[in-house]
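Undergrad: This is coords.cif, which holds mmCIF, C-alpha atoms:
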```cif
data_entry
#
loop_
_atom_site.group_PDB
_atom_site.id
_atom_site.type_symbol
_atom_site.label_atom_id
_atom_site.label_comp_id
_atom_site.auth_asym_id
_atom_site.auth_seq_id
_atom_site.Cartn_x
_atom_site.Cartn_y
_atom_site.Cartn_z
ATOM 1 C CA MET A 1 -94.961 -35.727 -37.880
ATOM 2 C CA ALA A 2 -93.440 -39.067 -38.879
ATOM 3 C CA ALA A 3 -96.299 -40.906 -37.156
ATOM 4 C CA ASN A 4 -98.848 -38.776 -38.986
ATOM 5 C CA ILE A 5 -97.155 -39.447 -42.334
ATOM 6 C CA HIS A 6 -97.198 -43.177 -41.546
ATOM 7 C CA ALA A 7 -100.871 -42.995 -40.543
ATOM 8 C CA GLY A 8 -101.694 -41.221 -43.811
ATOM 9 C CA LYS A 9 -102.774 -38.023 -42.095
ATOM 10 C CA LEU A 10 -100.271 -35.955 -44.031
ATOM 11 C CA GLU A 11 -100.251 -36.098 -47.805
ATOM 12 C CA LYS A 12 -97.210 -37.782 -49.296
ATOM 13 C CA GLY A 13 -94.913 -35.923 -51.665
ATOM 14 C CA LYS A 14 -96.291 -32.552 -50.592
ATOM 15 C CA VAL A 15 -94.645 -30.534 -47.864
ATOM 16 C CA PRO A 16 -97.451 -29.682 -45.412
ATOM 17 C CA SER A 17 -98.477 -26.084 -44.867
ATOM 18 C CA LYS A 18 -98.455 -24.385 -41.484
ATOM 19 C CA GLU A 19 -102.220 -24.948 -41.258
ATOM 20 C CA ASP A 20 -101.846 -28.682 -42.017
ATOM 21 C CA MET A 21 -99.234 -28.999 -39.287
ATOM 22 C CA MET A 22 -101.184 -27.063 -36.701
ATOM 23 C CA LYS A 23 -104.213 -29.288 -37.306
ATOM 24 C CA LEU A 24 -102.224 -32.245 -35.949
ATOM 25 C CA PRO A 25 -103.423 -32.794 -32.356
ATOM 26 C CA LEU A 26 -100.090 -32.624 -30.501
ATOM 27 C CA PHE A 27 -97.927 -30.706 -32.932
ATOM 28 C CA ASP A 28 -95.995 -28.047 -30.960
ATOM 29 C CA LYS A 29 -98.576 -28.259 -28.200
ATOM 30 C CA THR A 30 -96.964 -30.659 -25.739
ATOM 31 C CA THR A 31 -96.243 -29.806 -22.105
ATOM 32 C CA PRO A 32 -93.584 -31.339 -19.779
ATOM 33 C CA ASP A 33 -96.346 -33.648 -18.445
ATOM 34 C CA ASP A 34 -96.550 -35.310 -21.863
ATOM 35 C CA PHE A 35 -93.022 -36.738 -21.619
ATOM 36 C CA GLY A 36 -93.211 -40.500 -21.188
ATOM 37 C CA ARG A 37 -96.872 -40.667 -22.230
ATOM 38 C CA ILE A 38 -97.836 -42.775 -25.215
ATOM 39 C CA TYR A 39 -100.418 -41.208 -27.525
ATOM 40 C CA TYR A 40 -102.378 -42.933 -30.235
ATOM 41 C CA VAL A 41 -102.040 -41.289 -33.638
ATOM 42 C CA GLY A 42 -103.847 -43.651 -35.993
ATOM 43 C CA SER A 43 -103.464 -46.873 -37.946
ATOM 44 C CA ASP A 44 -101.615 -47.721 -41.132
ATOM 45 C CA GLN A 45 -103.104 -49.513 -44.158
ATOM 46 C CA LYS A 46 -102.397 -52.880 -42.553
ATOM 47 C CA GLY A 47 -104.237 -51.962 -39.391
ATOM 48 C CA ASN A 48 -101.117 -51.588 -37.274
ATOM 49 C CA GLU A 49 -101.639 -49.027 -34.558
ATOM 50 C CA ILE A 50 -99.307 -46.042 -34.513
ATOM 51 C CA TYR A 51 -98.332 -44.279 -31.304
ATOM 52 C CA ILE A 52 -95.981 -41.482 -30.361
ATOM 53 C CA LEU A 53 -93.816 -41.045 -27.299
ATOM 54 C CA GLY A 54 -91.682 -38.048 -26.325
ATOM 55 C CA THR A 55 -88.838 -38.495 -23.887
ATOM 56 C CA GLN A 56 -87.031 -35.127 -23.679
ATOM 57 C CA ASN A 57 -83.697 -36.933 -23.630
ATOM 58 C CA SER A 58 -82.187 -37.578 -27.058
ATOM 59 C CA ASN A 59 -80.396 -40.747 -25.974
ATOM 60 C CA PHE A 60 -83.416 -42.664 -24.743
ATOM 61 C CA GLU A 61 -83.659 -45.258 -27.503
ATOM 62 C CA PRO A 62 -81.486 -47.959 -25.845
ATOM 63 C CA ALA A 63 -83.520 -47.622 -22.634
ATOM 64 C CA LEU A 64 -86.786 -48.003 -24.534
ATOM 65 C CA ARG A 65 -85.509 -51.037 -26.399
ATOM 66 C CA SER A 66 -84.333 -52.557 -23.110
ATOM 67 C CA LEU A 67 -87.684 -51.885 -21.458
ATOM 68 C CA THR A 68 -89.718 -53.502 -24.233
ATOM 69 C CA ALA A 69 -87.336 -56.475 -24.271
ATOM 70 C CA LEU A 70 -87.559 -56.956 -20.488
ATOM 71 C CA MET A 71 -91.344 -56.668 -20.641
ATOM 72 C CA GLU A 72 -91.394 -59.116 -23.555
ATOM 73 C CA LEU A 73 -93.059 -56.559 -25.770
ATOM 74 C CA ASP A 74 -90.272 -56.237 -28.318
ATOM 75 C CA LYS A 75 -92.143 -58.342 -30.853
ATOM 76 C CA GLU A 76 -95.307 -56.282 -30.490
ATOM 77 C CA PHE A 77 -93.691 -52.875 -30.842
ATOM 78 C CA VAL A 78 -91.586 -51.467 -33.667
ATOM 79 C CA LEU A 79 -89.678 -48.577 -32.141
ATOM 80 C CA VAL A 80 -88.732 -45.832 -34.563
ATOM 81 C CA CYS A 81 -86.427 -43.127 -33.261
ATOM 82 C CA THR A 82 -86.765 -39.784 -35.046
ATOM 83 C CA MET A 83 -84.172 -37.862 -33.047
ATOM 84 C CA SER A 84 -81.605 -37.929 -35.852
ATOM 85 C CA TYR A 85 -84.124 -36.064 -38.039
ATOM 86 C CA VAL A 86 -84.428 -33.169 -35.640
ATOM 87 C CA ASN A 87 -82.457 -30.421 -37.360
ATOM 88 C CA VAL A 88 -80.962 -27.295 -35.780
ATOM 89 C CA VAL A 89 -83.918 -25.108 -36.789
ATOM 90 C CA LEU A 90 -86.393 -27.538 -35.183
ATOM 91 C CA ARG A 91 -84.253 -27.749 -32.083
ATOM 92 C CA LEU A 92 -84.181 -23.978 -31.734
ATOM 93 C CA GLY A 93 -87.899 -23.703 -32.415
ATOM 94 C CA GLY A 94 -88.745 -26.441 -29.939
ATOM 95 C CA PHE A 95 -86.573 -24.836 -27.292
ATOM 96 C CA LEU A 96 -88.205 -21.423 -27.694
ATOM 97 C CA SER A 97 -91.742 -22.685 -28.100
ATOM 98 C CA ARG A 98 -91.876 -25.497 -25.542
ATOM 99 C CA ARG A 99 -89.034 -25.041 -23.076
ATOM 100 C CA MET A 100 -89.236 -21.236 -22.893
ATOM 101 C CA SER A 101 -93.029 -21.270 -23.346
ATOM 102 C CA CYS A 102 -92.786 -18.719 -26.127
ATOM 103 C CA PRO A 103 -94.605 -20.181 -29.156
ATOM 104 C CA LEU A 104 -94.839 -16.775 -30.781
ATOM 105 C CA LEU A 105 -91.072 -16.814 -31.263
ATOM 106 C CA GLY A 106 -90.482 -20.536 -31.560
ATOM 107 C CA ARG A 107 -93.353 -21.706 -33.762
ATOM 108 C CA PRO A 108 -92.095 -20.134 -37.036
ATOM 109 C CA PHE A 109 -88.829 -22.039 -36.511
ATOM 110 C CA VAL A 110 -90.741 -25.237 -35.681
ATOM 111 C CA ILE A 111 -92.749 -24.920 -38.906
ATOM 112 C CA TRP A 112 -89.654 -24.128 -40.970
ATOM 113 C CA GLY A 113 -87.651 -26.955 -39.401
ATOM 114 C CA SER A 114 -90.513 -29.395 -39.877
ATOM 115 C CA LYS A 115 -90.749 -28.464 -43.553
ATOM 116 C CA LEU A 116 -87.027 -29.117 -43.922
ATOM 117 C CA ALA A 117 -87.326 -32.460 -42.128
ATOM 118 C CA PHE A 118 -90.469 -33.597 -43.960
ATOM 119 C CA PRO A 119 -88.784 -35.330 -46.968
ATOM 120 C CA HIS A 120 -86.454 -37.216 -44.629
ATOM 121 C CA LEU A 121 -89.323 -38.286 -42.362
ATOM 122 C CA GLU A 122 -91.234 -39.421 -45.437
ATOM 123 C CA LYS A 123 -88.299 -41.637 -46.406
ATOM 124 C CA LEU A 124 -88.076 -42.942 -42.864
ATOM 125 C CA THR A 125 -91.725 -44.031 -42.849
ATOM 126 C CA GLU A 126 -91.200 -45.792 -46.179
ATOM 127 C CA ILE A 127 -88.257 -47.703 -44.703
ATOM 128 C CA VAL A 128 -90.298 -48.615 -41.624
ATOM 129 C CA LYS A 129 -93.147 -49.890 -43.796
ATOM 130 C CA LEU A 130 -90.754 -51.960 -45.933
ATOM 131 C CA GLU A 131 -89.018 -53.386 -42.875
ATOM 132 C CA SER A 132 -92.295 -54.441 -41.303
ATOM 133 C CA LEU A 133 -93.363 -56.371 -44.413
ATOM 134 C CA MET B 1 -92.764 -59.311 -11.814
ATOM 135 C CA ILE B 2 -89.498 -57.622 -12.700
ATOM 136 C CA TYR B 3 -87.920 -55.061 -10.397
ATOM 137 C CA LEU B 4 -85.956 -52.319 -12.112
ATOM 138 C CA PHE B 5 -83.931 -49.954 -9.944
ATOM 139 C CA THR B 6 -83.146 -46.858 -11.933
ATOM 140 C CA GLY B 7 -80.857 -43.891 -11.548
ATOM 141 C CA ARG B 8 -78.318 -41.867 -13.486
ATOM 142 C CA SER B 9 -75.946 -44.850 -13.533
ATOM 143 C CA GLY B 10 -76.834 -48.524 -13.260
ATOM 144 C CA VAL B 11 -73.699 -49.517 -11.342
ATOM 145 C CA PHE B 12 -73.765 -47.077 -8.450
ATOM 146 C CA GLU B 13 -76.725 -45.855 -6.354
ATOM 147 C CA PRO B 14 -79.444 -48.080 -7.944
ATOM 148 C CA LEU B 15 -77.189 -51.126 -7.618
ATOM 149 C CA LEU B 16 -76.636 -50.529 -3.908
ATOM 150 C CA ALA B 17 -80.385 -50.091 -3.426
ATOM 151 C CA ALA B 18 -81.021 -53.321 -5.372
ATOM 152 C CA TYR B 19 -78.462 -55.187 -3.221
ATOM 153 C CA THR B 20 -80.170 -53.929 -0.080
ATOM 154 C CA TYR B 21 -83.522 -55.051 -1.452
ATOM 155 C CA LEU B 22 -82.040 -58.513 -2.115
ATOM 156 C CA GLY B 23 -80.408 -58.587 1.318
ATOM 157 C CA LYS B 24 -76.918 -58.763 -0.185
ATOM 158 C CA ARG B 25 -73.873 -57.096 1.302
ATOM 159 C CA VAL B 26 -71.392 -55.320 -0.917
ATOM 160 C CA LYS B 27 -67.923 -56.806 -0.761
ATOM 161 C CA GLU B 28 -65.903 -54.138 -2.460
ATOM 162 C CA GLU B 29 -62.935 -56.208 -3.610
ATOM 163 C CA ASP B 30 -64.683 -59.109 -5.303
ATOM 164 C CA GLU B 31 -67.795 -57.232 -6.325
ATOM 165 C CA PRO B 32 -68.575 -58.100 -9.964
ATOM 166 C CA LEU B 33 -70.930 -55.215 -10.764
ATOM 167 C CA PHE B 34 -70.473 -52.333 -8.351
ATOM 168 C CA ALA B 35 -68.609 -49.382 -9.907
ATOM 169 C CA ARG B 36 -67.612 -51.432 -12.941
ATOM 170 C CA ALA B 37 -67.259 -49.166 -15.972
ATOM 171 C CA GLU B 38 -67.811 -51.991 -18.467
ATOM 172 C CA TYR B 39 -71.419 -52.427 -17.300
ATOM 173 C CA ASP B 40 -72.121 -48.719 -17.066
ATOM 174 C CA ARG B 41 -73.935 -48.151 -20.340
ATOM 175 C CA GLU B 42 -76.849 -45.747 -20.542
ATOM 176 C CA GLY B 43 -80.122 -47.521 -21.236
ATOM 177 C CA PHE B 44 -78.801 -51.054 -20.832
ATOM 178 C CA PRO B 45 -80.097 -53.172 -17.943
ATOM 179 C CA VAL B 46 -77.787 -54.865 -15.466
ATOM 180 C CA PHE B 47 -79.083 -58.132 -14.014
ATOM 181 C CA VAL B 48 -78.511 -58.211 -10.251
ATOM 182 C CA GLY B 49 -80.264 -61.384 -9.138
ATOM 183 C CA PHE B 50 -83.507 -62.979 -8.022
ATOM 184 C CA ASP B 51 -85.452 -61.983 -4.924
ATOM 185 C CA ARG B 52 -87.059 -64.440 -2.470
ATOM 186 C CA GLU B 53 -90.129 -64.832 -4.661
ATOM 187 C CA GLY B 54 -88.059 -65.526 -7.761
ATOM 188 C CA ASN B 55 -88.576 -62.093 -9.294
ATOM 189 C CA ARG B 56 -85.767 -60.816 -11.482
ATOM 190 C CA VAL B 57 -84.019 -57.683 -10.246
ATOM 191 C CA TYR B 58 -82.232 -55.305 -12.620
ATOM 192 C CA THR B 59 -80.706 -51.852 -12.516
ATOM 193 C CA MET B 60 -80.557 -49.335 -15.318
ATOM 194 C CA GLY B 61 -78.909 -45.975 -15.733
ATOM 195 C CA VAL B 62 -80.637 -43.311 -17.811
ATOM 196 C CA ARG B 63 -80.324 -39.534 -17.706
ATOM 197 C CA ASN B 64 -84.056 -38.927 -17.358
ATOM 198 C CA TYR B 65 -84.701 -42.022 -15.241
ATOM 199 C CA LYS B 66 -87.897 -40.749 -13.636
ATOM 200 C CA LEU B 67 -89.643 -41.169 -16.984
ATOM 201 C CA LEU B 68 -89.135 -44.944 -16.985
ATOM 202 C CA GLU B 69 -91.886 -45.516 -14.434
ATOM 203 C CA ILE B 70 -94.414 -43.612 -16.550
ATOM 204 C CA ILE B 71 -93.315 -45.323 -19.776
ATOM 205 C CA CYS B 72 -93.623 -48.794 -18.228
ATOM 206 C CA ALA B 73 -97.177 -48.096 -17.100
ATOM 207 C CA GLU B 74 -98.006 -46.707 -20.528
ATOM 208 C CA LEU B 75 -96.512 -49.736 -22.317
ATOM 209 C CA ASP B 76 -98.565 -52.088 -20.152
ATOM 210 C CA GLU B 77 -101.695 -50.113 -20.934
ATOM 211 C CA VAL B 78 -101.074 -49.968 -24.693
ATOM 212 C CA ALA B 79 -100.294 -53.696 -24.741
ATOM 213 C CA GLY B 80 -103.628 -54.311 -23.002
ATOM 214 C CA ARG B 81 -102.071 -55.853 -19.911
ATOM 215 C CA ASN B 82 -104.145 -55.584 -16.777
ATOM 216 C CA GLU B 83 -101.312 -56.427 -14.430
ATOM 217 C CA LYS B 84 -98.025 -54.637 -13.951
ATOM 218 C CA THR B 85 -95.155 -56.627 -15.471
ATOM 219 C CA MET B 86 -92.432 -54.406 -14.124
ATOM 220 C CA LYS B 87 -91.969 -52.322 -11.029
ATOM 221 C CA VAL B 88 -89.683 -49.386 -11.666
ATOM 222 C CA ILE B 89 -87.997 -47.955 -8.603
ATOM 223 C CA PRO B 90 -86.316 -44.598 -9.184
ATOM 224 C CA VAL B 91 -83.390 -44.317 -6.766
ATOM 225 C CA GLU B 92 -83.098 -40.607 -6.148
ATOM 226 C CA VAL B 93 -80.362 -39.866 -3.652
ATOM 227 C CA LYS B 94 -78.754 -36.558 -2.815
ATOM 228 C CA GLY B 95 -75.326 -36.298 -4.417
ATOM 229 C CA GLU B 96 -76.039 -38.455 -7.473
ATOM 230 C CA LYS B 97 -74.952 -35.634 -9.768
ATOM 231 C CA LEU B 98 -71.407 -35.833 -8.413
ATOM 232 C CA THR B 99 -71.330 -39.593 -9.094
ATOM 233 C CA VAL B 100 -72.415 -38.887 -12.666
ATOM 234 C CA PHE B 101 -69.800 -36.153 -12.995
ATOM 235 C CA PHE B 102 -66.994 -38.537 -11.952
ATOM 236 C CA THR B 103 -68.161 -41.264 -14.341
ATOM 237 C CA TRP B 104 -68.575 -38.732 -17.151
ATOM 238 C CA LEU B 105 -65.028 -37.474 -16.565
ATOM 239 C CA GLY B 106 -63.713 -41.028 -16.530
ATOM 240 C CA GLN B 107 -65.411 -41.909 -19.784
ATOM 241 C CA SER B 108 -64.565 -38.636 -21.519
ATOM 242 C CA LEU B 109 -60.882 -38.726 -20.563
ATOM 243 C CA HIS B 110 -60.608 -42.500 -21.022
ATOM 244 C CA LEU B 111 -59.504 -42.720 -17.409
ATOM 245 C CA THR B 112 -62.287 -44.879 -16.040
ATOM 246 C CA LYS B 113 -60.233 -46.564 -13.326
ATOM 247 C CA PRO B 114 -59.365 -43.517 -11.174
ATOM 248 C CA PHE B 115 -62.638 -41.688 -11.733
ATOM 249 C CA TYR B 116 -64.795 -44.756 -11.138
ATOM 250 C CA PHE B 117 -62.806 -45.324 -7.979
ATOM 251 C CA LEU B 118 -63.626 -41.771 -6.871
ATOM 252 C CA ALA B 119 -67.303 -42.298 -7.720
ATOM 253 C CA LYS B 120 -67.233 -45.571 -5.788
ATOM 254 C CA ARG B 121 -65.808 -43.896 -2.678
ATOM 255 C CA TRP B 122 -68.392 -41.138 -2.991
ATOM 256 C CA VAL B 123 -71.256 -43.653 -3.215
ATOM 257 C CA ILE B 124 -69.917 -45.720 -0.326
ATOM 258 C CA SER B 125 -69.724 -42.604 1.827
ATOM 259 C CA ARG B 126 -73.492 -42.262 1.307
ATOM 260 C CA LYS B 127 -74.184 -45.981 1.659
ATOM 261 C CA LYS B 128 -76.544 -45.662 4.629
ATOM 262 C CA LEU B 129 -78.709 -43.160 2.803
ATOM 263 C CA ILE B 130 -78.966 -45.388 -0.271
ATOM 264 C CA GLU B 131 -79.558 -48.569 1.705
ATOM 265 C CA GLU B 132 -82.451 -46.927 3.503
ATOM 266 C CA GLY B 133 -84.163 -46.526 0.140
ATOM 267 C CA GLY B 134 -83.619 -50.191 -0.708
ATOM 268 C CA ARG B 135 -84.980 -51.289 2.681
ATOM 269 C CA ASN B 136 -88.135 -49.254 2.187
ATOM 270 C CA ILE B 137 -88.867 -51.204 -0.989
ATOM 271 C CA ALA B 138 -88.154 -54.534 0.701
ATOM 272 C CA ARG B 139 -90.831 -53.674 3.266
#
```
Starting from the file, lay out its structure as structure tokens.

TA:
Amino acid sequence: MAANIHAGKLEKGKVPSKEDMMKLPLFDKTTPDDFGRIYYVGSDQKGNEIYILGTQNSNFEPALRSLTALMELDKEFVLVCTMSYVNVVLRLGGFLSRRMSCPLLGRPFVIWGSKLAFPHLEKLTEIVKLESL
Amino acid sequence: MIYLFTGRSGVFEPLLAAYTYLGKRVKEEDEPLFARAEYDREGFPVFVGFDREGNRVYTMGVRNYKLLEIICAELDEVAGRNEKTMKVIPVEVKGEKLTVFFTWLGQSLHLTKPFYFLAKRWVISRKKLIEEGGRNIAR
């Protein structure tokens, strides 16, 4: 969701509806095979490309930073970790929907949790944009 | 090319495999990296040395270490690189969970010395198995 806010695919200042969220290509639709894959989301106003990457493990940020540094890609990539914005409701929803393969039960929680997280993710994208100036 | 040996901890099984790949022998007493708690930080690389062709060799410990190989390939692709810049070697050896359990206990109870010693003995007892993996890469 943060990547889609940054790419301007979600309207700012307005909490997205369930329909808006479900229109996003990978929203609550990932499979275990998607972990570690980098997906293109869009570009920001400056033409910077925006990608997403899911890692399953919440403490993966240092490893990613180390990898990009070793590969000398740390100047090309701005890594933004959103794990601290994953609230309890989202966690529960994600577990039921993705891990237990029961979207019927989990999706309402995912939507609710995403709505709760939206203002914080909006702020995060603003910070990222300011930092990359 | 960079060689990155990965596992649940960067100072145990992957380090032994990296040493085997480099043709080094582990001298337990004066070993600067093996089973050293101060270098055992999740997601931080440990530099082991250079191989015969001058390639840098590192180890890294991460919980979901099998993902690193996929991520590296993806990063290369997104960056538009045609050649691999890093070869990730996941060191998956039977019994690694017990090593992690000892190190976790040591860190949680702030008793790294005895528990890292236990983990060290456990890894050494499986040395042949781990070294075999390192030799396969060297070939």

Undergrad: Run the PyMOL selection byres ((chain B and resi 89) around 9) mentally over the shown coordinates, then write out the matched residues as a PyMOL selection string, using the chain letters and numbers from the document.

TA: chain B and resi 3-7+14+66+68-69+87-88+90-91+137

Undergrad: Near range 102-117 of chain B, counting only C-alpha atoms, which residues have an atom at most 12 Å away, once you skip same-chain residues fewer than 5 positions from it, shown as a ChimeraX atom specification?

TA: /B:8-12,28-29,34-42,61,63,95-97,122-124

Undergrad: Residues as selected, C-alpha atoms, written as a PDB file, keeping the file's coordinate frame, can you do that?

TA:
```
ATOM      1  CA  ARG B   8     -78.318 -41.867 -13.486  1.00  0.00           C
ATOM      2  CA  SER B   9     -75.946 -44.850 -13.533  1.00  0.00           C
ATOM      3  CA  GLY B  10     -76.834 -48.524 -13.260  1.00  0.00           C
ATOM      4  CA  VAL B  11     -73.699 -49.517 -11.342  1.00  0.00           C
ATOM      5  CA  PHE B  12     -73.765 -47.077  -8.450  1.00  0.00           C
ATOM      6  CA  GLU B  28     -65.903 -54.138  -2.460  1.00  0.00           C
ATOM      7  CA  GLU B  29     -62.935 -56.208  -3.610  1.00  0.00           C
ATOM      8  CA  PHE B  34     -70.473 -52.333  -8.351  1.00  0.00           C
ATOM      9  CA  ALA B  35     -68.609 -49.382  -9.907  1.00  0.00           C
ATOM     10  CA  ARG B  36     -67.612 -51.432 -12.941  1.00  0.00           C
ATOM     11  CA  ALA B  37     -67.259 -49.166 -15.972  1.00  0.00           C
ATOM     12  CA  GLU B  38     -67.811 -51.991 -18.467  1.00  0.00           C
ATOM     13  CA  TYR B  39     -71.419 -52.427 -17.300  1.00  0.00           C
ATOM     14  CA  ASP B  40     -72.121 -48.719 -17.066  1.00  0.00           C
ATOM     15  CA  ARG B  41     -73.935 -48.151 -20.340  1.00  0.00           C
ATOM     16  CA  GLU B  42     -76.849 -45.747 -20.542  1.00  0.00           C
ATOM     17  CA  GLY B  61     -78.909 -45.975 -15.733  1.00  0.00           C
ATOM     18  CA  ARG B  63     -80.324 -39.534 -17.706  1.00  0.00           C
ATOM     19  CA  GLY B  95     -75.326 -36.298  -4.417  1.00  0.00           C
ATOM     20  CA  GLU B  96     -76.039 -38.455  -7.473  1.00  0.00           C
ATOM     21  CA  LYS B  97     -74.952 -35.634  -9.768  1.00  0.00           C
ATOM     22  CA  TRP B 122     -68.392 -41.138  -2.991  1.00  0.00           C
ATOM     23  CA  VAL B 123     -71.256 -43.653  -3.215  1.00  0.00           C
ATOM     24  CA  ILE B 124     -69.917 -45.720  -0.326  1.00  0.00           C
TER      25      ILE B 124
END
```

Undergrad: Got a sec to pull out which chain B residues are within 10 Å of chain A, counting all atoms listed in the file, and send them as a ChimeraX atom specification?

TA: /B:1-2,4,41-45,56,58,60-79,84-86

Undergrad: Work out how far apart CA of Leu129 in chain B and CA of Val93 in chain B are and give it in Å to one decimal.

TA: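 Distance between the two atoms: 7.4 Å.
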
Undergrad: Build an axis-aligned box that encloses every atom of range 108-118 of chain B listed in the file, pad it by 4 Å on each side, and report its centre and edge lengths in Å to one decimal, as JSON.

TA:
```
{"center_x": -62.1, "center_y": -42.6, "center_z": -14.2, "size_x": 13.4, "size_y": 15.9, "size_z": 22.6}
```

Undergrad: Write out as a PyMOL selection string each polymer residue whose atoms come within 9 Å of Glu126 in chain A, counting all atoms listed in the file; drop sequence neighbours fewer than 5 positions from it.

TA: chain A and resi 6+121+131

Undergrad: Using all atoms listed in the file, determine which residues lie at most 10 Å from range 103-115 of chain A, disregarding the query and same-chain residues fewer than 4 positions distant; provide the list as an MDAnalysis selection string.

TA: chainID A and resid 1 14:19 21:22 27:29 85:99 119:121

Undergrad: Any idea what the distance is between CA of Asp34 in chain A and CA of Ala18 in chain B?

TA: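 Separation of CA of Asp34 in chain A and CA of Ala18 in chain B: 28.9 Å.
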
Undergrad: Work out how far apart CA of Ala17 in chain B and CA of Ile130 in chain B are and give it in Å to one decimal.

TA: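 Taking CA of Ala17 in chain B as the start and CA of Ile130 in chain B as the end point, the length is 5.8 Å.
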
Undergrad: Using all atoms listed in the file, determine which residues lie at most 10 Å from Val26 in chain B, disregarding the query and same-chain residues fewer than 6 positions distant; provide the list as a PDB file with C-alpha atoms, in the coordinates of the input.

TA:
```
ATOM      1  CA  LEU B  15     -77.189 -51.126  -7.618  1.00  0.00           C
ATOM      2  CA  LEU B  16     -76.636 -50.529  -3.908  1.00  0.00           C
ATOM      3  CA  TYR B  19     -78.462 -55.187  -3.221  1.00  0.00           C
ATOM      4  CA  THR B  20     -80.170 -53.929  -0.080  1.00  0.00           C
ATOM      5  CA  PRO B  32     -68.575 -58.100  -9.964  1.00  0.00           C
ATOM      6  CA  LEU B  33     -70.930 -55.215 -10.764  1.00  0.00           C
ATOM      7  CA  PHE B  34     -70.473 -52.333  -8.351  1.00  0.00           C
ATOM      8  CA  ILE B 124     -69.917 -45.720  -0.326  1.00  0.00           C
TER       9      ILE B 124
END
```

Undergrad: Just the residues within 9 Å of Asn4 in chain A, please, counting only C-alpha atoms, with nothing from its chain fewer than 5 positions along; format it as a list in words.

TA: Lys9, Leu10, Leu24, Val41, Gly42 and Ile50 of chain A
